[in-house]
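The file final.tsv comes next; it holds TSV, C-alpha atoms and all ligand atoms.
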```tsv
chain	number	residue	atom	x	y	z
K	113	MET	CA	43.21	-141.21	29.66
K	114	ALA	CA	42.28	-138.93	26.72
K	115	GLN	CA	43.04	-135.23	27.13
K	116	PRO	CA	39.96	-132.94	27.22
K	117	VAL	CA	39.35	-131.22	23.87
K	118	THR	CA	39.64	-127.43	24.00
K	119	VAL	CA	38.50	-124.49	21.87
K	120	PRO	CA	42.08	-123.72	20.71
K	121	GLY	CA	42.49	-127.43	19.95
K	122	ILE	CA	39.47	-127.36	17.63
K	123	ARG	CA	40.53	-124.06	16.10
K	124	ALA	CA	43.91	-125.63	15.25
K	125	ARG	CA	42.27	-128.50	13.34
K	126	LYS	CA	41.71	-126.32	10.23
K	127	GLY	CA	42.69	-128.41	7.20
K	128	GLY	CA	43.79	-131.32	9.43
K	129	THR	CA	42.17	-134.56	10.51
K	130	PRO	CA	38.41	-133.98	10.17
K	131	ILE	CA	36.62	-132.89	13.34
K	132	VAL	CA	33.96	-135.31	14.62
K	133	MET	CA	30.98	-133.60	16.24
K	134	VAL	CA	27.80	-135.28	17.45
K	135	THR	CA	24.86	-134.00	19.41
K	136	ALA	CA	24.00	-135.25	22.89
K	137	TYR	CA	21.34	-134.10	25.31
K	138	ASP	CA	21.92	-136.08	28.51
K	139	ALA	CA	24.57	-137.87	30.55
K	140	PRO	CA	24.27	-141.31	28.88
K	141	GLY	CA	24.53	-139.66	25.44
K	142	ALA	CA	27.58	-137.72	26.57
K	143	HIS	CA	29.24	-140.89	27.89
K	144	ILE	CA	28.59	-142.65	24.56
K	145	ALA	CA	29.94	-139.73	22.48
K	146	SER	CA	32.97	-139.44	24.75
K	147	ASP	CA	33.74	-143.18	24.78
K	148	ALA	CA	33.41	-143.18	20.96
K	149	GLY	CA	36.13	-140.53	20.72
K	150	ALA	CA	34.08	-137.60	19.38
K	151	ASP	CA	35.91	-134.27	19.37
K	152	VAL	CA	32.89	-132.06	20.07
K	153	ILE	CA	29.52	-132.69	21.75
K	154	LEU	CA	26.89	-130.24	20.59
K	155	VAL	CA	23.96	-129.83	22.97
K	156	GLY	CA	21.89	-128.80	19.98
K	157	ASP	CA	18.49	-127.18	20.01
K	158	SER	CA	17.52	-130.16	17.83
K	159	LEU	CA	16.70	-131.24	21.41
K	160	GLY	CA	13.28	-129.75	20.67
K	161	MET	CA	12.54	-132.26	17.96
K	162	VAL	CA	14.45	-135.43	18.87
K	163	VAL	CA	13.92	-135.37	22.65
K	164	LEU	CA	11.10	-132.98	23.57
K	165	GLY	CA	8.72	-133.88	20.75
K	166	TYR	CA	8.22	-130.43	19.22
K	167	ASP	CA	7.89	-129.86	15.47
K	168	ASP	CA	10.73	-127.32	15.27
K	169	THR	CA	13.52	-125.75	17.32
K	170	LEU	CA	11.61	-122.52	17.94
K	171	GLN	CA	9.88	-123.97	21.02
K	172	VAL	CA	13.16	-124.64	22.86
K	173	THR	CA	13.80	-122.30	25.80
K	174	LEU	CA	16.99	-121.25	27.54
K	175	ASP	CA	15.85	-123.25	30.59
K	176	ASP	CA	15.54	-126.37	28.41
K	177	MET	CA	19.07	-125.84	27.11
K	178	VAL	CA	20.49	-125.19	30.58
K	179	HIS	CA	18.85	-128.36	31.94
K	180	HIS	CA	20.24	-130.58	29.16
K	181	THR	CA	23.66	-128.90	29.00
K	182	ALA	CA	24.08	-129.53	32.73
K	183	ALA	CA	23.17	-133.20	32.25
K	184	VAL	CA	25.79	-133.55	29.49
K	185	ALA	CA	28.44	-131.72	31.53
K	186	ARG	CA	27.87	-133.92	34.60
K	187	ALA	CA	29.19	-136.84	32.52
K	188	ARG	CA	32.57	-135.00	32.42
K	189	PRO	CA	33.03	-135.91	28.74
K	190	THR	CA	36.40	-135.59	27.00
K	191	PRO	CA	34.93	-133.82	23.91
K	192	LEU	CA	34.46	-130.06	23.93
K	193	VAL	CA	30.90	-129.23	25.05
K	194	VAL	CA	29.20	-126.61	22.87
K	195	ALA	CA	25.61	-125.54	23.65
K	196	ASP	CA	23.14	-123.93	21.25
K	197	LEU	CA	21.75	-120.53	22.11
K	198	PRO	CA	18.04	-121.08	21.40
K	199	TRP	CA	15.90	-118.76	19.31
K	200	LEU	CA	15.41	-115.25	20.71
K	201	THR	CA	18.17	-115.55	23.30
K	202	TYR	CA	20.72	-113.66	21.16
K	203	HIS	CA	18.61	-111.37	19.01
K	204	LEU	CA	17.54	-108.55	21.32
K	205	SER	CA	20.68	-106.98	22.76
K	206	PRO	CA	24.35	-107.79	23.35
K	207	ALA	CA	23.83	-107.62	27.13
K	208	GLU	CA	20.98	-110.11	27.06
K	209	THR	CA	22.97	-112.36	24.71
K	210	VAL	CA	25.89	-112.46	27.14
K	211	ARG	CA	23.61	-113.10	30.13
K	212	ASN	CA	21.90	-115.99	28.31
K	213	ALA	CA	25.18	-117.50	27.11
K	214	ALA	CA	26.57	-117.21	30.65
K	215	ALA	CA	23.70	-119.41	31.88
K	216	LEU	CA	24.86	-122.09	29.43
K	217	VAL	CA	28.49	-121.70	30.51
K	218	ARG	CA	27.48	-122.00	34.18
K	219	ALA	CA	25.62	-125.18	33.22
K	220	GLY	CA	28.86	-126.60	31.83
K	221	ALA	CA	29.15	-125.43	28.20
K	222	GLN	CA	32.65	-124.47	27.09
K	223	ALA	CA	31.36	-122.56	24.06
K	224	VAL	CA	28.03	-121.51	22.56
K	225	LYS	CA	26.69	-121.74	19.01
K	226	LEU	CA	24.43	-119.20	17.33
K	227	GLU	CA	22.80	-119.07	13.89
K	228	GLY	CA	23.29	-116.31	11.33
K	229	GLY	CA	26.00	-114.35	9.55
K	230	ALA	CA	27.19	-110.76	9.39
K	231	ARG	CA	24.17	-109.46	11.30
K	232	ARG	CA	25.30	-111.45	14.37
K	233	VAL	CA	28.75	-109.88	14.53
K	234	ALA	CA	27.80	-107.47	17.33
K	235	MET	CA	26.60	-110.40	19.46
K	236	VAL	CA	29.71	-112.46	18.71
K	237	ASP	CA	31.79	-109.47	19.73
K	238	ALA	CA	29.90	-109.10	23.02
K	239	LEU	CA	30.25	-112.82	23.79
K	240	LEU	CA	33.98	-112.78	23.14
K	241	GLY	CA	34.20	-109.65	25.28
K	242	ALA	CA	32.80	-111.83	28.09
K	243	GLU	CA	35.35	-114.58	27.26
K	244	ILE	CA	32.70	-116.93	25.85
K	245	PRO	CA	33.90	-118.78	22.73
K	246	VAL	CA	31.43	-118.80	19.83
K	247	MET	CA	30.73	-121.30	17.06
K	248	GLY	CA	28.83	-119.91	14.06
K	249	HIS	CA	26.11	-121.67	12.05
K	250	LEU	CA	25.28	-120.79	8.43
K	251	GLY	CA	23.23	-122.13	5.52
K	252	LEU	CA	20.07	-123.96	6.47
K	253	THR	CA	19.60	-122.40	9.89
K	254	PRO	CA	16.60	-124.19	11.46
K	255	GLN	CA	15.64	-121.20	13.64
K	256	SER	CA	14.90	-119.33	10.35
K	257	VAL	CA	12.50	-122.03	9.14
K	258	HIS	CA	9.66	-119.57	8.51
K	259	VAL	CA	11.86	-117.04	6.69
K	260	MET	CA	13.29	-119.83	4.50
K	261	GLY	CA	9.78	-121.22	3.83
K	262	GLY	CA	10.79	-124.68	5.10
K	263	TYR	CA	13.96	-126.70	5.57
K	264	ARG	CA	15.56	-125.97	2.19
K	265	VAL	CA	19.12	-126.26	0.95
K	266	GLN	CA	20.64	-122.76	0.97
K	267	GLY	CA	23.20	-121.07	-1.30
K	268	GLN	CA	22.07	-122.66	-4.53
K	269	GLN	CA	22.36	-119.47	-6.60
K	270	ALA	CA	25.55	-117.51	-7.27
K	271	GLY	CA	24.28	-114.55	-5.23
K	272	THR	CA	23.23	-116.55	-2.16
K	273	ALA	CA	26.39	-118.69	-2.38
K	274	ALA	CA	28.56	-115.55	-2.42
K	275	ALA	CA	26.58	-114.21	0.55
K	276	LEU	CA	27.39	-117.41	2.46
K	277	VAL	CA	31.11	-116.92	1.82
K	278	GLU	CA	30.84	-113.29	3.00
K	279	ASP	CA	28.88	-114.28	6.11
K	280	ALA	CA	31.45	-116.94	6.99
K	281	ALA	CA	34.28	-114.45	6.52
K	282	ALA	CA	32.44	-111.97	8.79
K	283	LEU	CA	31.97	-114.59	11.54
K	284	ALA	CA	35.59	-115.70	11.32
K	285	ALA	CA	36.81	-112.09	11.41
K	286	ALA	CA	34.58	-111.48	14.45
K	287	GLY	CA	36.36	-114.34	16.24
K	288	CYS	CA	34.18	-117.46	15.86
K	289	PHE	CA	36.47	-120.47	16.40
K	290	ALA	CA	34.50	-122.74	14.02
K	291	ILE	CA	31.46	-122.53	11.76
K	292	VAL	CA	28.74	-125.14	11.15
K	293	LEU	CA	27.58	-125.27	7.52
K	294	GLU	CA	24.18	-126.92	7.23
K	295	GLY	CA	22.22	-127.78	4.06
K	296	VAL	CA	24.62	-126.22	1.57
K	297	PRO	CA	25.73	-127.61	-1.84
K	298	ALA	CA	29.06	-129.43	-1.51
K	299	GLY	CA	30.87	-127.12	-3.94
K	300	VAL	CA	29.66	-124.02	-2.08
K	301	ALA	CA	30.69	-125.50	1.27
K	302	ARG	CA	34.11	-126.09	-0.27
K	303	LEU	CA	34.31	-122.42	-1.32
K	304	VAL	CA	33.40	-121.33	2.21
K	305	THR	CA	35.87	-123.77	3.76
K	306	GLU	CA	38.68	-122.49	1.56
K	307	ALA	CA	37.74	-118.86	2.26
K	308	VAL	CA	37.90	-118.90	6.07
K	309	PRO	CA	40.80	-119.55	8.44
K	310	VAL	CA	38.64	-121.41	10.97
K	311	PRO	CA	37.30	-124.98	10.66
K	312	THR	CA	33.94	-125.57	9.02
K	313	VAL	CA	31.82	-128.45	10.30
K	314	GLY	CA	29.28	-129.72	7.80
K	315	ILE	CA	25.90	-131.34	8.03
K	316	GLY	CA	24.40	-131.89	4.61
K	317	ALA	CA	27.27	-129.83	3.22
K	318	GLY	CA	29.38	-132.44	1.42
K	319	PRO	CA	32.82	-133.89	2.05
K	320	TRP	CA	35.09	-130.84	1.87
K	321	CYS	CA	34.34	-129.32	5.26
K	322	ASP	CA	36.92	-129.51	8.05
K	323	GLY	CA	34.61	-131.76	10.06
K	324	GLN	CA	31.18	-133.38	10.11
K	325	VAL	CA	28.32	-133.30	12.58
K	326	LEU	CA	25.25	-135.52	12.85
K	327	VAL	CA	22.37	-135.68	15.30
K	328	PHE	CA	22.77	-138.53	17.84
K	329	HIS	CA	19.30	-139.98	17.21
K	330	ASP	CA	19.84	-139.97	13.42
K	331	VAL	CA	23.29	-141.55	13.40
K	332	LEU	CA	22.24	-144.30	15.83
K	333	GLY	CA	18.82	-144.96	14.26
K	334	LEU	CA	16.96	-143.96	17.43
K	335	GLU	CA	14.91	-141.70	15.19
K	336	ASP	CA	13.53	-143.77	12.33
K	337	ARG	CA	10.67	-141.62	11.04
K	338	VAL	CA	12.65	-139.48	8.60
K	339	LEU	CA	15.90	-140.18	6.78
K	340	PRO	CA	17.28	-136.99	5.26
K	341	ARG	CA	19.71	-137.51	2.36
K	342	PHE	CA	22.69	-136.31	4.44
K	343	VAL	CA	22.21	-138.84	7.24
K	344	ARG	CA	24.08	-142.13	7.29
K	345	ARG	CA	22.75	-144.51	9.92
K	346	TYR	CA	25.41	-146.42	11.84
K	347	GLY	CA	22.98	-148.24	14.12
K	348	SER	CA	19.34	-149.26	14.46
K	349	LEU	CA	18.79	-148.61	18.16
K	350	LYS	CA	15.06	-147.90	17.79
K	351	SER	CA	14.32	-151.35	16.37
K	352	ASP	CA	16.80	-152.95	18.80
K	353	ALA	CA	14.98	-151.21	21.67
K	354	VAL	CA	11.52	-152.21	20.43
K	355	ALA	CA	12.67	-155.84	20.09
K	356	ALA	CA	14.22	-155.82	23.58
K	357	LEU	CA	11.13	-154.29	25.25
K	358	SER	CA	8.82	-156.68	23.36
K	359	THR	CA	10.80	-159.63	24.72
K	360	PHE	CA	10.63	-158.14	28.24
K	361	ALA	CA	6.84	-157.76	27.86
K	362	ALA	CA	6.46	-161.36	26.65
K	363	ASP	CA	8.63	-162.66	29.54
K	364	VAL	CA	6.58	-160.73	32.13
K	365	ARG	CA	3.28	-161.98	30.70
K	366	ALA	CA	4.52	-165.58	30.59
K	367	ARG	CA	5.99	-165.29	34.14
K	368	ARG	CA	9.48	-165.99	32.77
K	369	PHE	CA	10.70	-162.74	34.40
K	370	PRO	CA	11.94	-162.38	37.08
K	371	GLY	CA	13.67	-165.74	37.60
K	372	GLU	CA	15.29	-167.20	40.71
K	373	ALA	CA	18.55	-165.36	40.17
K	374	GLU	CA	16.75	-162.04	39.66
K	375	SER	CA	14.82	-162.31	42.97
K	376	TYR	CA	15.76	-161.72	46.61
K	377	HIS	CA	15.10	-164.53	49.09
K	378	ALA	CA	14.37	-164.33	52.82
K	379	PRO	CA	16.56	-166.50	55.10
K	380	ASP	CA	15.35	-170.09	55.53
K	381	GLY	CA	12.27	-170.39	57.68
K	382	VAL	CA	11.30	-166.70	57.79
K	383	VAL	CA	8.30	-166.96	55.48
K	384	ALA	CA	7.06	-170.13	57.22
K	385	GLU	CA	7.39	-168.39	60.59
K	386	VAL	CA	5.32	-165.42	59.38
K	387	LYS	CA	2.64	-167.78	58.10
K	388	VAL	CA	2.39	-169.51	61.45
K	389	ALA	CA	2.28	-166.14	63.21
K	390	LEU	CA	-0.50	-164.95	60.90
K	391	GLY	CA	-2.35	-168.24	60.96
K	392	LEU	CA	-1.92	-168.74	57.21
K	393	ARG	CA	-1.88	-172.12	55.48
K	394	GLU	CA	1.30	-173.33	53.74
K	395	ALA	CA	1.15	-172.28	50.04
K	396	ALA	CA	1.67	-175.04	47.52
K	397	SER	CA	4.54	-174.17	45.22
K	398	ARG	CA	6.01	-170.67	44.87
K	399	PRO	CA	9.51	-170.04	46.30
K	400	ALA	CA	9.85	-167.47	49.08
K	501	LIG	O1	20.74	-128.37	16.91
K	501	LIG	C1	21.50	-129.11	16.26
K	501	LIG	O2	21.52	-130.32	16.40
K	501	LIG	C2	22.38	-128.46	15.28
K	501	LIG	C3	23.13	-129.36	14.36
K	501	LIG	C4	22.22	-129.92	13.34
K	501	LIG	C5	24.29	-128.67	13.75
K	501	LIG	O3	22.46	-127.28	15.24
```
Translate the structure described by the file into structure tokens.
Amino acid sequence: MAQPVTVPGIRARKGGTPIVMVTAYDAPGAHIASDAGADVILVGDSLGMVVLGYDDTLQVTLDDMVHHTAAVARARPTPLVVADLPWLTYHLSPAETVRNAAALVRAGAQAVKLEGGARRVAMVDALLGAEIPVMGHLGLTPQSVHVMGGYRVQGQQAGTAAALVEDAAALAAAGCFAIVLEGVPAGVARLVTEAVPVPTVGIGAGPWCDGQVLVFHDVLGLEDRVLPRFVRRYGSLKSDAVAALSTFAADVRARRFPGEAESYHAPDGVVAEVKVALGLREAASRPA
């Protein structure tokens, strides 16, 4: 049986075999990610969009994250389970940040992820002080959608690219064991990756990161409405599911489902006995 993946194990993957991270939000998703050999399951706040039907991640609450983290953890997956701290759960004070992260740990997370650079160092410090491992997240940080003016690639100018490198260095120095780089030019992600001693995990950040992460529904084609440039689809589960349910619907309407083998049958004579008892006439054809 595969050994459970640990925080030190991920930290040690810097410059080695690329880390495979995928999101999951429930027990079946966790089983699939685990059976596929992923290294890290991220219970991402992308939950808000791909599962809960919101337009952005800002609607996701700590209770939502606790509920879904617990579902993932109950699958006892081999990959490391990292849960996102949702918006406004790590912005107000170090004490509140630790209390909120602890709720995720009690739900089964082995580490938490938060968005932002140098300005989050105090919170990272508080979390590590409470023995909670932290993954950073830089670049296109979806919780900053309004500040960024939309979901835009970040670090495209020399100044903003240099700021990304500095932010990554600050997070690594504060003790983050890995850093997600999202929506960053490949060359800039390479600079960041070479500048920090901890693994970078990219999404829309080119091939030079120490690992890659994709959203479960994107990689499997469960979400087929948008196809961002950085997504490669490895399945088409939405159309497979629509085809399967359409066939089920057609079978029900044509009385092809359920069949003999999919039905339970009373012992011989029972139905006839009930009919006699109730004074009913023998029905023509249907099996009991
Ligand atoms: O919430 C999420 O799914 C994420 C990944 C896109 C990195 O943060």
Residue nearest Val163 of chain K among K:Thr190, K:Ser348, K:Ser205, K:Thr135 (counting all atoms listed in the file):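 For Val163 of chain K, the nearest of the candidates is K:Thr135.
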9 Å from ligand LIG 501 (chain K) is the threshold here; counting all atoms listed in the file, which polymer residues fall inside it? Answer as number ranges by chain. K: 133-136, 154-160, 169, 195-196, 198, 225-227, 249, 253-254, 292-294, 313-315, 325-328
All residues 7 Å or closer to segment 284-287 of chain K, only C-alpha atoms, same chain fewer than 4 positions away omitted, as a list in words: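 The residues that qualify are Val233, Val236, Asp237, Ala280, Val308 and Val310 of chain K.
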Extract, using all atoms listed in the file, all DNA, RNA and protein residues at most 12 Å from Ala298 of chain K, discarding same-chain residues fewer than 3 positions from it, and format them as an MDAnalysis selection string. chainID K and resid 251 265:268 273 293:295 301:305 314:321 342
Which distance in Å separates atom CA of Glu374 of chain K and atom CA of Gly141 of chain K, to one decimal?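 Computing it gives 27.6 Å between the two atoms.
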Nearest to Val184 of chain K: which of K:Asp138, K:Gly261, K:Leu216, K:Tyr202 is it, counting only C-alpha atoms? K:Asp138
Would you please work out which residue, of K:Asp168, K:Met247, K:Leu239, K:His179, is nearest to Leu192 of chain K when using all atoms listed in the file?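 Smallest distance to Leu192 of chain K is found for K:Met247.
Counting from atom CA of Ala150 of chain K, the distance to atom CA of Leu339 of chain K is 22.3 Å.
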Residues within 12 Å of Ala353 of chain K, please, as number ranges by chain. Count only C-alpha atoms; anything in the same chain fewer than 6 positions from it doesn't count. K: 332-335, 347, 359-360
Prev. selection, C-alpha atoms, output as a PDB file, keeping the file's coordinate frame:
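For reference, again09.pdb as written:
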```pdb
ATOM      1  CA  LEU K 332      22.240-144.300  15.830  1.00  0.00           C
ATOM      2  CA  GLY K 333      18.820-144.960  14.260  1.00  0.00           C
ATOM      3  CA  LEU K 334      16.960-143.960  17.430  1.00  0.00           C
ATOM      4  CA  GLU K 335      14.910-141.700  15.190  1.00  0.00           C
ATOM      5  CA  GLY K 347      22.980-148.240  14.120  1.00  0.00           C
ATOM      6  CA  THR K 359      10.800-159.630  24.720  1.00  0.00           C
ATOM      7  CA  PHE K 360      10.630-158.140  28.240  1.00  0.00           C
TER       8      PHE K 360
END
```
Atom-to-atom span, atom CA of Val296 of chain K and atom CA of Thr272 of chain K, Å: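 So the two atoms, atom CA of Val296 of chain K and atom CA of Thr272 of chain K, lie 10.5 Å apart.
Using only C-alpha atoms, the nearest neighbour of Ile244 of chain K within the list K:Phe289, K:Gly228, K:Ala361, K:Arg188 is K:Phe289.
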Restricting the calculation to all atoms listed in the file, which member of K:Thr312, K:Gln171, K:Thr129, K:Ser358 is positioned closest to Ala281 of chain K?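 Between K:Thr312, K:Gln171, K:Thr129, K:Ser358, the residue approaching Ala281 of chain K most closely is K:Thr312.
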So that I can check the surroundings of Arg186 of chain K, please list as a list in words every protein, DNA and RNA residue that reaches within 9 Å of it, counting all atoms listed in the file and ignoring chain neighbours fewer than 3 positions away. Asp138, Ala139, Ala142, Thr181, Ala182, Ala183, Pro189 and Gly220 of chain K
Set the distance at 6 Å and use only C-alpha atoms: which residues neighbour Ala223 of chain K once local chain neighbours fewer than 3 positions away are removed? I'd like the list as a VMD selection string. chain K and resid 194 245 to 246
Let me have the centre and edge lengths of the axis-aligned box enclosing all listed atoms of segment 326-341 of chain K with 6 Å padding on every side, in Å to one decimal, as JSON.
```
{"center_x": 18.0, "center_y": -140.2, "center_z": 10.1, "size_x": 26.6, "size_y": 21.4, "size_z": 27.5}
```
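Counting only C-alpha atoms and comparing K:Leu174, K:Ile291, K:Ala219, K:Val343, the residue that lies closest to Asp279 of chain K is K:Ile291.
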